[in-house]
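data-v1.txt, holding compact mmCIF, C-alpha atoms:
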# COMPACT_ATOMS: atom_id res chain seq x y z
CA MET A 1 117.32 136.64 113.35
CA GLU A 2 119.21 136.60 116.58
CA LEU A 3 116.06 136.37 118.68
CA GLN A 4 115.71 132.80 117.49
CA ALA A 5 118.79 132.09 119.63
CA ALA A 6 116.89 133.22 122.72
CA TRP A 7 113.88 131.09 121.86
CA PRO A 8 114.90 127.71 123.34
CA GLU A 9 115.66 129.22 126.73
CA LEU A 10 112.46 131.25 126.72
CA GLU A 11 110.49 128.18 125.71
CA ARG A 12 112.03 126.14 128.54
CA ALA A 13 111.06 128.91 130.95
CA GLY A 14 107.50 128.84 129.61
CA VAL A 15 107.71 132.23 127.87
CA MET A 16 106.16 132.59 124.40
CA LEU A 17 107.73 134.76 121.75
CA PHE A 18 105.86 136.75 119.08
CA GLY A 19 107.17 139.03 116.34
CA LEU A 20 105.10 141.84 114.80
CA SER A 21 105.87 143.86 111.69
CA TYR A 22 104.09 145.24 108.63
CA ASP A 23 105.49 142.53 106.35
CA ALA A 24 103.17 140.39 104.26
CA VAL A 25 102.66 136.73 105.12
CA GLU A 26 104.69 135.60 102.07
CA THR A 27 107.64 137.78 103.10
CA LEU A 28 107.49 136.42 106.65
CA ALA A 29 107.23 132.85 105.38
CA GLY A 30 110.42 133.25 103.36
CA PHE A 31 112.18 134.98 106.21
CA ALA A 32 111.13 132.37 108.79
CA ASP A 33 112.19 129.57 106.49
CA LYS A 34 115.58 131.11 105.77
CA ARG A 35 116.36 131.89 109.40
CA GLY A 36 114.76 128.83 110.95
CA ILE A 37 112.26 130.87 112.96
CA THR A 38 109.65 128.75 114.68
CA PHE A 39 107.79 131.32 116.80
CA PRO A 40 104.87 133.28 115.29
CA LEU A 41 105.72 136.30 113.17
CA LEU A 42 102.54 138.34 112.95
CA SER A 43 101.75 140.14 109.72
CA ASP A 44 100.32 143.65 110.11
CA VAL A 45 100.07 144.75 106.48
CA GLY A 46 99.09 148.42 106.38
CA SER A 47 100.32 148.87 109.99
CA HIS A 48 96.77 149.08 111.34
CA THR A 49 97.62 147.17 114.53
CA ILE A 50 100.92 149.04 114.90
CA SER A 51 98.92 152.25 114.66
CA ARG A 52 96.23 151.05 117.09
CA LEU A 53 98.96 150.15 119.58
CA GLY A 54 100.21 153.73 119.36
CA LEU A 55 103.54 152.59 117.97
CA LEU A 56 103.51 154.25 114.58
CA ASN A 57 106.78 156.14 114.17
CA ARG A 58 105.83 159.79 113.72
CA TYR A 59 109.39 160.96 113.27
CA VAL A 60 110.43 159.03 110.21
CA ALA A 61 111.30 162.17 108.24
CA GLU A 62 113.44 163.62 111.05
CA GLN A 63 115.16 160.32 111.81
CA HIS A 64 115.93 159.64 108.17
CA ALA A 65 117.26 163.19 107.74
CA PHE A 66 119.47 162.62 110.77
CA TYR A 67 120.94 159.48 109.23
CA GLY A 68 121.02 160.94 105.72
CA VAL A 69 118.62 158.28 104.41
CA ALA A 70 115.99 159.11 101.79
CA VAL A 71 112.42 158.42 102.88
CA ARG A 72 110.76 155.74 100.77
CA ASP A 73 107.10 154.79 100.61
CA GLU A 74 107.50 151.69 102.74
CA HIS A 75 108.92 153.83 105.53
CA HIS A 76 105.49 155.25 106.24
CA GLY A 77 104.01 152.74 108.61
CA ILE A 78 107.18 151.69 110.37
CA PRO A 79 106.82 151.28 114.11
CA TYR A 80 109.07 152.29 116.96
CA PRO A 81 110.95 149.02 117.36
CA GLY A 82 110.90 147.54 120.84
CA ILE A 83 109.89 144.66 123.04
CA PHE A 84 107.05 144.11 125.48
CA VAL A 85 107.11 141.50 128.20
CA LEU A 86 103.71 140.23 129.31
CA ASP A 87 102.98 138.28 132.48
CA GLU A 88 100.57 135.35 132.86
CA HIS A 89 97.62 137.76 132.76
CA GLY A 90 98.79 139.51 129.60
CA VAL A 91 99.78 142.61 131.56
CA VAL A 92 102.81 144.57 130.37
CA VAL A 93 105.48 144.10 133.03
CA ALA A 94 108.42 145.42 131.05
CA LYS A 95 109.01 147.34 127.87
CA HIS A 96 112.24 148.25 126.16
CA PHE A 97 112.55 150.81 123.39
CA GLU A 98 115.53 152.59 121.93
CA GLN A 99 115.61 156.28 121.01
CA SER A 100 117.12 155.37 117.66
CA TYR A 101 115.03 153.18 115.37
CA ARG A 102 118.25 151.70 114.10
CA VAL A 103 119.22 150.02 117.36
CA ARG A 104 118.02 146.46 117.83
CA PRO A 105 117.97 144.36 121.00
CA THR A 106 120.17 141.32 121.37
CA ALA A 107 118.88 137.91 122.36
CA ALA A 108 120.57 138.39 125.74
CA LEU A 109 118.62 141.57 126.40
CA VAL A 110 115.31 139.95 125.43
CA ARG A 111 116.13 136.95 127.66
CA GLU A 112 116.93 139.21 130.57
CA TYR A 113 113.74 141.21 130.23
CA ALA A 114 111.64 138.08 129.81
CA LEU A 115 113.22 135.97 132.52
CA GLY A 116 113.85 138.80 134.95
CA ALA A 117 117.20 137.70 136.26
CA PRO A 118 120.41 139.43 135.26
CA ALA A 119 122.76 137.21 133.33
CA GLU A 120 125.18 135.10 135.35
CA ALA A 121 128.80 136.04 134.83
CA PRO A 122 130.00 133.60 132.20
CA ARG A 123 133.18 131.65 132.63
CA ASP A 124 134.76 133.47 129.72
CA GLY A 125 135.15 137.23 129.89
CA VAL A 126 138.09 138.86 131.60
CA ALA A 127 138.93 139.21 135.26
CA LEU A 128 141.43 140.98 137.47
CA GLN A 129 141.98 141.18 141.19
CA SER A 130 143.61 143.72 143.47
CA ASP A 131 143.08 145.18 146.99
CA GLY A 132 140.25 142.86 147.93
CA VAL A 133 138.41 143.75 144.72
CA TYR A 134 137.77 141.14 142.03
CA ILE A 135 136.49 142.55 138.74
CA ARG A 136 135.00 140.66 135.83
CA ALA A 137 133.82 142.10 132.54
CA TRP A 138 131.90 140.49 129.72
CA THR A 139 129.51 141.39 126.94
CA ASP A 140 126.04 140.01 126.17
CA ALA A 141 127.53 137.97 123.36
CA PRO A 142 131.04 137.47 121.98
CA MET A 143 130.08 139.22 118.77
CA TYR A 144 128.31 142.42 117.79
CA ARG A 145 126.41 143.76 114.81
CA PRO A 146 126.24 147.42 113.89
CA TYR A 147 123.21 149.12 115.44
CA GLN A 148 122.55 146.34 117.87
CA ARG A 149 122.49 147.20 121.55
CA VAL A 150 125.32 145.35 123.28
CA ARG A 151 125.83 145.73 127.01
CA LEU A 152 129.17 145.58 128.74
CA HIS A 153 128.57 143.87 132.08
CA VAL A 154 130.97 144.58 134.90
CA ARG A 155 130.83 142.72 138.17
CA LEU A 156 132.88 143.63 141.20
CA ASP A 157 133.13 141.16 144.05
CA LEU A 158 134.54 142.71 147.19
CA ALA A 159 136.21 140.68 149.94
CA PRO A 160 134.22 140.62 153.20
CA GLY A 161 134.83 143.78 155.18
CA THR A 162 135.96 145.71 152.10
CA HIS A 163 134.02 148.58 150.57
CA VAL A 164 134.61 150.98 147.69
CA PHE A 165 133.40 154.56 147.56
CA GLY A 166 130.44 155.58 145.45
CA ALA A 167 129.44 158.98 144.15
CA PRO A 168 128.84 161.71 145.21
CA ILE A 169 131.99 161.92 147.28
CA PRO A 170 134.06 164.59 149.07
CA ASP A 171 137.13 165.94 147.28
CA GLY A 172 140.22 163.87 147.56
CA TYR A 173 138.48 160.49 147.42
CA VAL A 174 137.96 158.42 144.31
CA PRO A 175 134.45 157.09 143.58
CA LEU A 176 133.77 153.95 141.58
CA ARG A 177 133.89 154.98 137.95
CA PHE A 178 133.84 153.19 134.62
CA GLU A 179 135.26 154.46 131.37
CA VAL A 180 135.60 152.83 128.00
CA GLU A 181 138.39 154.07 125.74
CA PRO A 182 136.80 155.88 122.79
CA LEU A 183 136.77 154.15 119.43
CA ASP A 184 135.57 155.54 116.15
CA GLY A 185 132.40 153.61 115.43
CA LEU A 186 131.63 152.78 119.06
CA THR A 187 129.28 154.79 121.27
CA VAL A 188 129.23 154.04 124.97
CA GLY A 189 126.46 155.25 127.30
CA SER A 190 126.84 156.03 130.97
CA ALA A 191 127.15 153.14 133.38
CA ALA A 192 124.02 152.01 135.21
CA LEU A 193 125.03 151.32 138.81
CA PRO A 194 123.06 150.29 141.87
CA THR A 195 122.55 152.91 144.57
CA ALA A 196 125.42 153.17 147.02
CA LYS A 197 124.85 152.99 150.77
CA ALA A 198 125.30 156.03 153.00
CA PHE A 199 128.43 155.76 155.13
CA ARG A 200 130.21 157.78 157.78
CA ILE A 201 133.87 157.58 158.72
CA ASP A 202 134.65 158.05 162.42
CA GLY A 203 136.17 161.43 163.04
CA LEU A 204 135.10 162.89 159.69
CA ASP A 205 132.09 165.14 159.17
CA GLU A 206 131.63 164.47 155.51
CA GLN A 207 129.01 162.14 154.03
CA PHE A 208 130.24 159.20 152.02
CA THR A 209 128.52 156.48 150.07
CA VAL A 210 129.93 152.98 149.62
CA TYR A 211 129.41 149.69 147.86
CA GLU A 212 129.97 146.34 149.51
CA GLY A 213 129.64 142.73 148.48
CA SER A 214 128.83 142.25 144.78
CA ILE A 215 128.19 145.16 142.45
CA ASP A 216 126.73 144.79 138.97
CA ALA A 217 127.14 147.63 136.51
CA LEU A 218 125.96 147.85 132.92
CA LEU A 219 127.42 150.01 130.19
CA PRO A 220 125.27 150.23 127.07
CA MET A 221 127.35 150.13 123.92
CA LEU A 222 126.49 150.64 120.31
CA PHE A 223 128.69 149.91 117.35
CA THR A 224 127.76 151.99 114.34
CA LYS A 225 130.15 150.14 112.05
CA ASN A 226 131.53 146.66 111.72
CA LEU A 227 135.07 147.22 112.99
CA GLY A 228 135.97 143.55 112.74
CA PRO A 229 137.54 141.94 115.82
CA THR A 230 137.61 144.70 118.40
CA HIS A 231 139.12 145.21 121.81
CA VAL A 232 136.96 147.22 124.15
CA ASN A 233 139.22 148.71 126.80
CA LEU A 234 137.47 149.27 130.11
CA ARG A 235 139.05 151.32 132.86
CA VAL A 236 137.65 150.87 136.37
CA ALA A 237 138.73 153.47 138.93
CA TYR A 238 137.98 152.93 142.61
CA GLN A 239 139.22 153.32 146.15
CA ALA A 240 138.92 150.36 148.48
CA CYS A 241 138.96 150.41 152.26
CA THR A 242 138.32 148.10 155.16
CA SER A 243 137.38 149.31 158.62
CA THR A 244 141.07 149.71 159.47
CA VAL A 245 142.90 150.60 156.26
CA CYS A 246 142.31 152.49 153.02
CA TRP A 247 144.30 151.60 149.96
CA PRO A 248 145.37 154.34 147.58
CA PRO A 249 142.99 154.97 144.68
CA ALA A 250 143.46 152.22 142.13
CA GLU A 251 142.62 151.54 138.57
CA MET A 252 142.18 148.31 136.68
CA ARG A 253 142.07 147.99 132.94
CA LEU A 254 140.26 145.13 131.31
CA ASP A 255 140.27 144.34 127.64
CA VAL A 256 137.18 142.61 126.28
CA THR A 257 137.32 141.23 122.74
CA LEU A 258 134.35 141.11 120.39
CA ALA A 259 134.03 139.78 116.86
CA GLY A 260 132.17 141.96 114.37
CA LEU A 261 129.38 140.68 112.15
CA ASP A 262 127.72 142.33 109.22
CA LEU A 263 124.25 143.69 109.77
CA ILE A 264 122.62 141.98 106.83
CA ARG A 265 124.85 139.11 105.70
CA ASP A 266 125.01 137.63 109.19
CA MET B 1 128.79 166.61 107.40
CA THR B 2 125.98 169.19 107.31
CA SER B 3 124.31 169.62 110.65
CA SER B 4 120.79 168.27 110.99
CA PRO B 5 118.24 169.20 113.62
CA PRO B 6 118.55 167.09 116.79
CA LEU B 7 116.30 164.06 117.01
CA PRO B 8 113.27 164.43 119.27
CA VAL B 9 113.69 162.51 122.52
CA LEU B 10 110.74 160.19 122.86
CA ASP B 11 109.03 159.34 126.13
CA PHE B 12 108.40 155.65 125.70
CA ASP B 13 106.73 155.44 129.08
CA HIS B 14 103.82 157.16 127.36
CA ILE B 15 104.14 155.63 123.92
CA GLY B 16 102.44 152.33 123.22
CA PRO B 17 100.85 150.03 125.80
CA ALA B 18 101.81 151.22 129.29
CA LEU B 19 103.41 149.22 132.06
CA GLY B 20 100.79 147.70 134.28
CA THR B 21 98.09 147.66 131.59
CA ARG B 22 96.85 144.62 129.73
CA PHE B 23 98.41 144.38 126.28
CA PRO B 24 95.64 145.06 123.74
CA ASP B 25 94.04 142.21 121.81
CA VAL B 26 95.87 141.41 118.59
CA ARG B 27 94.55 139.01 115.91
CA LEU B 28 96.76 138.74 112.86
CA PRO B 29 97.94 136.06 110.46
CA ASP B 30 101.36 134.56 111.11
CA GLN B 31 103.95 133.39 108.57
CA THR B 32 101.89 130.24 107.84
CA GLY B 33 98.77 132.29 107.12
CA ARG B 34 97.05 131.04 110.29
CA VAL B 35 95.21 133.78 112.14
CA VAL B 36 96.72 134.06 115.61
CA ASP B 37 94.95 135.65 118.57
CA LEU B 38 97.86 136.72 120.75
CA HIS B 39 96.27 136.33 124.19
CA ALA B 40 94.54 133.07 123.25
CA GLU B 41 97.76 131.73 121.73
CA ARG B 42 99.82 132.38 124.82
CA LYS B 43 97.13 130.78 126.99
CA ARG B 44 98.23 131.77 130.47
CA GLN B 45 101.95 131.88 129.81
CA ARG B 46 104.24 134.85 129.90
CA ALA B 47 105.16 136.29 126.51
CA VAL B 48 107.58 138.59 124.78
CA VAL B 49 106.23 140.62 121.86
CA VAL B 50 108.91 142.01 119.58
CA ILE B 51 107.89 144.92 117.37
CA TYR B 52 110.39 145.31 114.57
CA ARG B 53 110.74 147.39 111.46
CA SER B 54 110.72 144.78 108.73
CA ALA B 55 111.93 141.33 107.78
CA ARG B 56 113.25 143.00 104.60
CA TRP B 57 115.79 145.79 104.82
Final structure tokens representation of the file:
Amino acid sequence: MELQAAWPELERAGVMLFGLSYDAVETLAGFADKRGITFPLLSDVGSHTISRLGLLNRYVAEQHAFYGVAVRDEHHGIPYPGIFVLDEHGVVVAKHFEQSYRVRPTAALVREYALGAPAEAPRDGVALQSDGVYIRAWTDAPMYRPYQRVRLHVRLDLAPGTHVFGAPIPDGYVPLRFEVEPLDGLTVGSAALPTAKAFRIDGLDEQFTVYEGSIDALLPMLFTKNLGPTHVNLRVAYQACTSTVCWPPAEMRLDVTLAGLDLIRD
Amino acid sequence: MTSSPPLPVLDFDHIGPALGTRFPDVRLPDQTGRVVDLHAERKRQRAVVVIYRSARW
């Protein structure tokens, strides 16, 4: 279980980890032994606690129909899968759930929710520089599994005095935009970006918004198949200006490579 | 592929324990058979509770 990979860092940060499912103790014992899991896996046979928590999946029939999966007996009692982060007082400070029951969080996502800080840009990942804009892109982990939420992190570092336009923007200017080249078996969500700052240009009536300094964007990705080693091609479009000059709209393409793992075997 | 009705979009803000509320008490056996009281077990530390479908596929 990939969450075991997050465990040492969580433990060092003083964060406890608990799993909860409807599996019997014997099943969990075998699973924990096989995967080297050392944090508690709680056994909620009959899903009574899952139900009391309000997490009983009421849409099993619809979701299974959507995926073309036959509903079996053990599917009644499955929860909405997700994570809760509790503070020192046991109060829920964060929760993360996916719309699809098939999508699972990565260790990186759990770590981020639990420890609060966004991941530091790793030394590996790809980078490009142009027009006072330095762009780095990396994924949560160098590998993916089908139906596991993987985020594409993009960080832009702008030279002092340089800004790029955000959206919305008057016609004729190019806002910061991210696009991943479509791949069969890869779904990419819209980029989560910080809010841009309002900006006026001397002599122009229109309202602009800009980004300065460091910008962190996140693109949620989901592989629905194991495509093997895969290149994710990211296109970043932007227009950079200083107080005295505007460069023409530019585009950088970064290629991030991921290895594919099987859902069950790995 | 035959079309299937769209999946309902779920409002997880209102499903399960809400942000800002104390996570309910949970007392269940773990993989060793020991009964674990979640809040007692974590003492006063922060915790992550992962709800997942099954250890078996």
Closest pair table for stretch 155-250 of chain A residues within 10 Å of stretch 97-108 of chain A, all atoms listed in the file, as JSON lines:
{"residue": "A:Leu222", "atom": "CA", "partner": "A:Val103", "partner_atom": "CA", "distance": 7.9}
{"residue": "A:Phe223", "atom": "CA", "partner": "A:Val103", "partner_atom": "CA", "distance": 9.5}
{"residue": "A:Thr224", "atom": "CA", "partner": "A:Val103", "partner_atom": "CA", "distance": 9.3}
Calculate how many Å separate atom CA of A:Tyr22 from atom CA of A:Ser47, rounding to one decimal. 5.4 Å
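Non-sequential neighbours of stretch 33-47 of chain B (distance at most 6 Å, separation of 5 or more positions within a chain, only C-alpha atoms) are A:Val15, A:Met16, A:Leu17, A:Val85, A:Leu86, A:Asp87, A:Glu88, B:Val26, B:Arg27, B:Leu28.
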Using only C-alpha atoms, I'd like every residue of chain A that has an atom within 6 Å of chain B; please write them out as a PyMOL selection string. chain A and resi 15-21+25+28-29+40-43+53-55+66+78+81-88+90-93
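Taking only C-alpha atoms, the non-local environment of stretch 174-188 of chain A within 7 Å (same-chain residues fewer than 3 positions away omitted) comprises Val164, Phe165, Gly166, Ala167, Ile169, Ala191, Leu219, Pro220, Met221, Leu222, Phe223, Thr224, Lys225, Val232, Asn233, Leu234, Arg235, Val236, Ala237, Tyr238, Gln239 and Pro249 of chain A.
Interatomic distance, atom CA of A:Asp23 against atom CA of A:Asp140: 28.7 Å.
Atom CA of A:Glu112 is positioned 17.7 Å from atom CA of A:Met143.
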Mind listing whatever residues come within 12 Å of the point (115.9, 129.5, 127.7)? Use only C-alpha atoms, file coordinates, and give them as a ChimeraX atom specification. /A:3-17,107-108,110-112,114-117,119
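All residues of protein, DNA or RNA that reach within 12 Å of A:Ser214, judged by all atoms listed in the file and not counting those fewer than 6 positions away in the chain, are A:Ala121, A:Gly132, A:Val133, A:Tyr134, A:Ile135, A:Arg136, A:Val154, A:Arg155, A:Leu156, A:Asp157, A:Leu158, A:Ala159, A:Pro160, A:Thr162, A:His163, A:Val164, A:Leu193, A:Pro194, A:Ala196.
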Padding 8 Å on each side, edges along x, y and z: where is the centre of the box around the listed atoms of stretch 8-21 of chain B, and how long are its edges in Å to one decimal? Output it as JSON.
{"center_x": 105.9, "center_y": 156.0, "center_z": 126.8, "size_x": 31.6, "size_y": 32.8, "size_z": 31.0}
